[in-house]
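Worksheet: one structure, shown below.
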Amino acid sequence: MKNFILFAFTLVVLTRCTAPEEPSITPEADASEAIAVRIKDPIDSVNTILRDAPNDLAALEYRASLYLKRQNLKYAAADVAAVLEIDSSRTKALELWGDISFATNQTRQSRDAWVRCMKEDPNYVPCRLKMAQLYHVVTEFEKSAALVDEVLEMEPPNAEAAYLKGLLMRDALEDTIRALDWFQKAIDLKPDYIEALDMSGVLYSSLENPLALGYFNRLIELQPEVRVHFYNRGMFHLGQQNWNGALEDFTQCTQLDPQDLESFFNIGYIHLQLQLYAEARQYFTQALAIQPVNHRALYGRGYCFELLGDLPNAEADYRQALSFNPQHQGSKEGVVRIERAKAQSGQ
């Protein structure tokens, strides 16, 4: 029976975004930074600047970047359009136009904007990086790699380029070790690089390498309010059968997000491993309160009922699980066991 539970349960690892789905927005390195220093309340203050100087292109670009970060795409587009109407060669405006287009799934328009940006200023790194990200997203890995290598030649200590190089090693060459080397280089250049830390932790975790814990710990130090960091660390502990560590992390997940179905399920699974069947049943019930149509949690609770000797409730959960997933092998076997037990008892 103990071997059965190990076979029957499927633990789901929360997948993480493995490629930058949206090119990052970075402040203008010159004029926009000066504006950022001059203002305290970004939108209101930049509006004041523009009332006095409506054609201040750097101010318009800066306000567009603020709108973009707040997902106010209509206003961001209006500001960028105003800039390009005055000066169609502005690299920052072209970069932002590509960002806005990407945010609205107009990737061809993004590509055109960033290509034009690169032609206007071949030394402007942000547009090259965003084109490399775009090519990576659409799996044109050779084009992405060429742009990344150009950036690394122009700016060897560029953390984002190093991170993209790692993604290409992982996705294009399926070389995890070299990918990890590049992610570490990105972290060395930028110690608080969340994406690189996360990717390193997830990859080391997939290799069952305890180095994963160092990256997860660092992420939790930087972002203690982000549930997924605790979840990923908990999954590593779970794989190592470190029940206490896993319980602590999954419990923290449920405190950060009371609707975290997977963490409640995993806590139930751990209690099953500890042979605390009544407690495990309660956690599966909590998972079902969040998502009633869940054959895995129903099976888990049914198995708890069975181990506690409550065969009617066990059978009810197994059959309901099968109504949601008729192919679920664990629930099928559970029904067979209970029917056999009923036949032996003469019921």
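We name chains A, B, ... following the order of the structure tokens; residues begin at 1 in each chain, and ligands are numbered from 1 as shown.
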
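Look at segment 47-57 of chain A: the protein and nucleic acid residues within 7 Å of it, using only C-alpha atoms and passing over chain neighbours fewer than 4 places away, are Ile43, Glu61 and Val83 of chain A.
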
Shell around Leu207 of chain A at 12 Å using only C-alpha atoms, local window under 5 positions removed, as a ChimeraX atom specification: /A:176-177,180,200-202,212,236,239-240

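Around segment 105-119 of chain A, within 6 Å and counting only C-alpha atoms, the residues found are Thr91, Leu94, Glu95, Gly98, Ser101 and Cys127 of chain A, once anything fewer than 4 positions away on its own chain is removed.
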
Could you pull out the residues in segment 110-169 of chain A that DSSP calls helix (DSSP H, G or I) from the backbone, as a PyMOL selection string? chain A and resi 110-120+125-137+141-154+159-169

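Closest to Leu168 of chain A among A:Glu140, A:Asp249, A:Glu195, A:Glu153 is A:Glu140, based on only C-alpha atoms.
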
Skipping near chain neighbours, those fewer than 5 positions away, what residues fall within 8 Å of segment 268-276 of chain A using only C-alpha atoms, listed as JSON, numbers by chain? {"A": [243, 247, 281, 282, 283, 284, 300, 304]}

Export of the given selection (C-alpha atoms) as an mmCIF file, in the first residue's frame:
```
data_model
loop_
_atom_site.group_PDB
_atom_site.id
_atom_site.type_symbol
_atom_site.label_atom_id
_atom_site.label_comp_id
_atom_site.auth_asym_id
_atom_site.auth_seq_id
_atom_site.Cartn_x
_atom_site.Cartn_y
_atom_site.Cartn_z
ATOM 1 C CA TRP A 243 9.575 16.803 4.837
ATOM 2 C CA LEU A 247 6.173 21.730 4.972
ATOM 3 C CA ARG A 281 -7.358 14.323 4.564
ATOM 4 C CA GLN A 282 -7.984 17.825 5.901
ATOM 5 C CA TYR A 283 -5.450 19.358 3.531
ATOM 6 C CA PHE A 284 -6.901 17.544 0.523
ATOM 7 C CA GLY A 300 -5.780 11.812 -2.196
ATOM 8 C CA CYS A 304 -6.906 8.831 3.296
#
```

I'd like the contact shell of Val228 of chain A - 8 Å cut-off, only C-alpha atoms, skipping same-chain residues fewer than 2 positions apart - returned as a list in words. Leu14, Val226, Phe230, Tyr231, Asn232 and Cys253 of chain A

Could you pull the residues within 8 Å of Val80 of chain A, counting only C-alpha atoms, minus those fewer than 2 positions along the same chain, as an MDAnalysis selection string? chainID A and resid 60:61 64 76:78 82:84 93:94 96:97

Selection above as a file: N, CA and C atoms, as a tab-separated table (two decimals), in the first residue's frame:
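The resulting selection02.tsv:
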```
chain	number	residue	atom	x	y	z
A	60	LEU	N	8.66	63.53	-22.97
A	60	LEU	CA	7.61	62.71	-23.57
A	60	LEU	C	7.98	61.23	-23.54
A	61	GLU	N	9.23	60.94	-23.85
A	61	GLU	CA	9.69	59.55	-23.82
A	61	GLU	C	9.64	58.98	-22.40
A	64	ALA	N	6.10	58.31	-21.51
A	64	ALA	CA	5.64	57.12	-22.23
A	64	ALA	C	6.12	55.86	-21.53
A	76	ALA	N	0.74	55.83	-23.61
A	76	ALA	CA	2.14	55.63	-23.97
A	76	ALA	C	2.33	55.79	-25.47
A	77	ALA	N	1.43	55.19	-26.24
A	77	ALA	CA	1.52	55.28	-27.70
A	77	ALA	C	1.37	56.72	-28.18
A	78	ALA	N	0.50	57.46	-27.54
A	78	ALA	CA	0.29	58.85	-27.94
A	78	ALA	C	1.56	59.67	-27.74
A	82	ALA	N	3.93	61.30	-30.71
A	82	ALA	CA	4.25	62.74	-30.73
A	82	ALA	C	5.75	62.96	-30.92
A	83	VAL	N	6.55	62.14	-30.26
A	83	VAL	CA	8.01	62.26	-30.40
A	83	VAL	C	8.43	61.96	-31.83
A	84	LEU	N	7.93	60.83	-32.37
A	84	LEU	CA	8.35	60.41	-33.70
A	84	LEU	C	7.87	61.36	-34.79
A	93	ALA	N	12.54	56.57	-28.63
A	93	ALA	CA	11.14	56.50	-29.04
A	93	ALA	C	10.88	55.25	-29.87
A	94	LEU	N	11.82	54.90	-30.74
A	94	LEU	CA	11.66	53.68	-31.54
A	94	LEU	C	11.68	52.44	-30.65
A	96	LEU	N	10.69	52.34	-27.52
A	96	LEU	CA	9.41	52.32	-26.82
A	96	LEU	C	8.28	51.90	-27.74
A	97	TRP	N	8.35	52.33	-29.01
A	97	TRP	CA	7.30	51.92	-29.95
A	97	TRP	C	7.32	50.39	-30.14
```
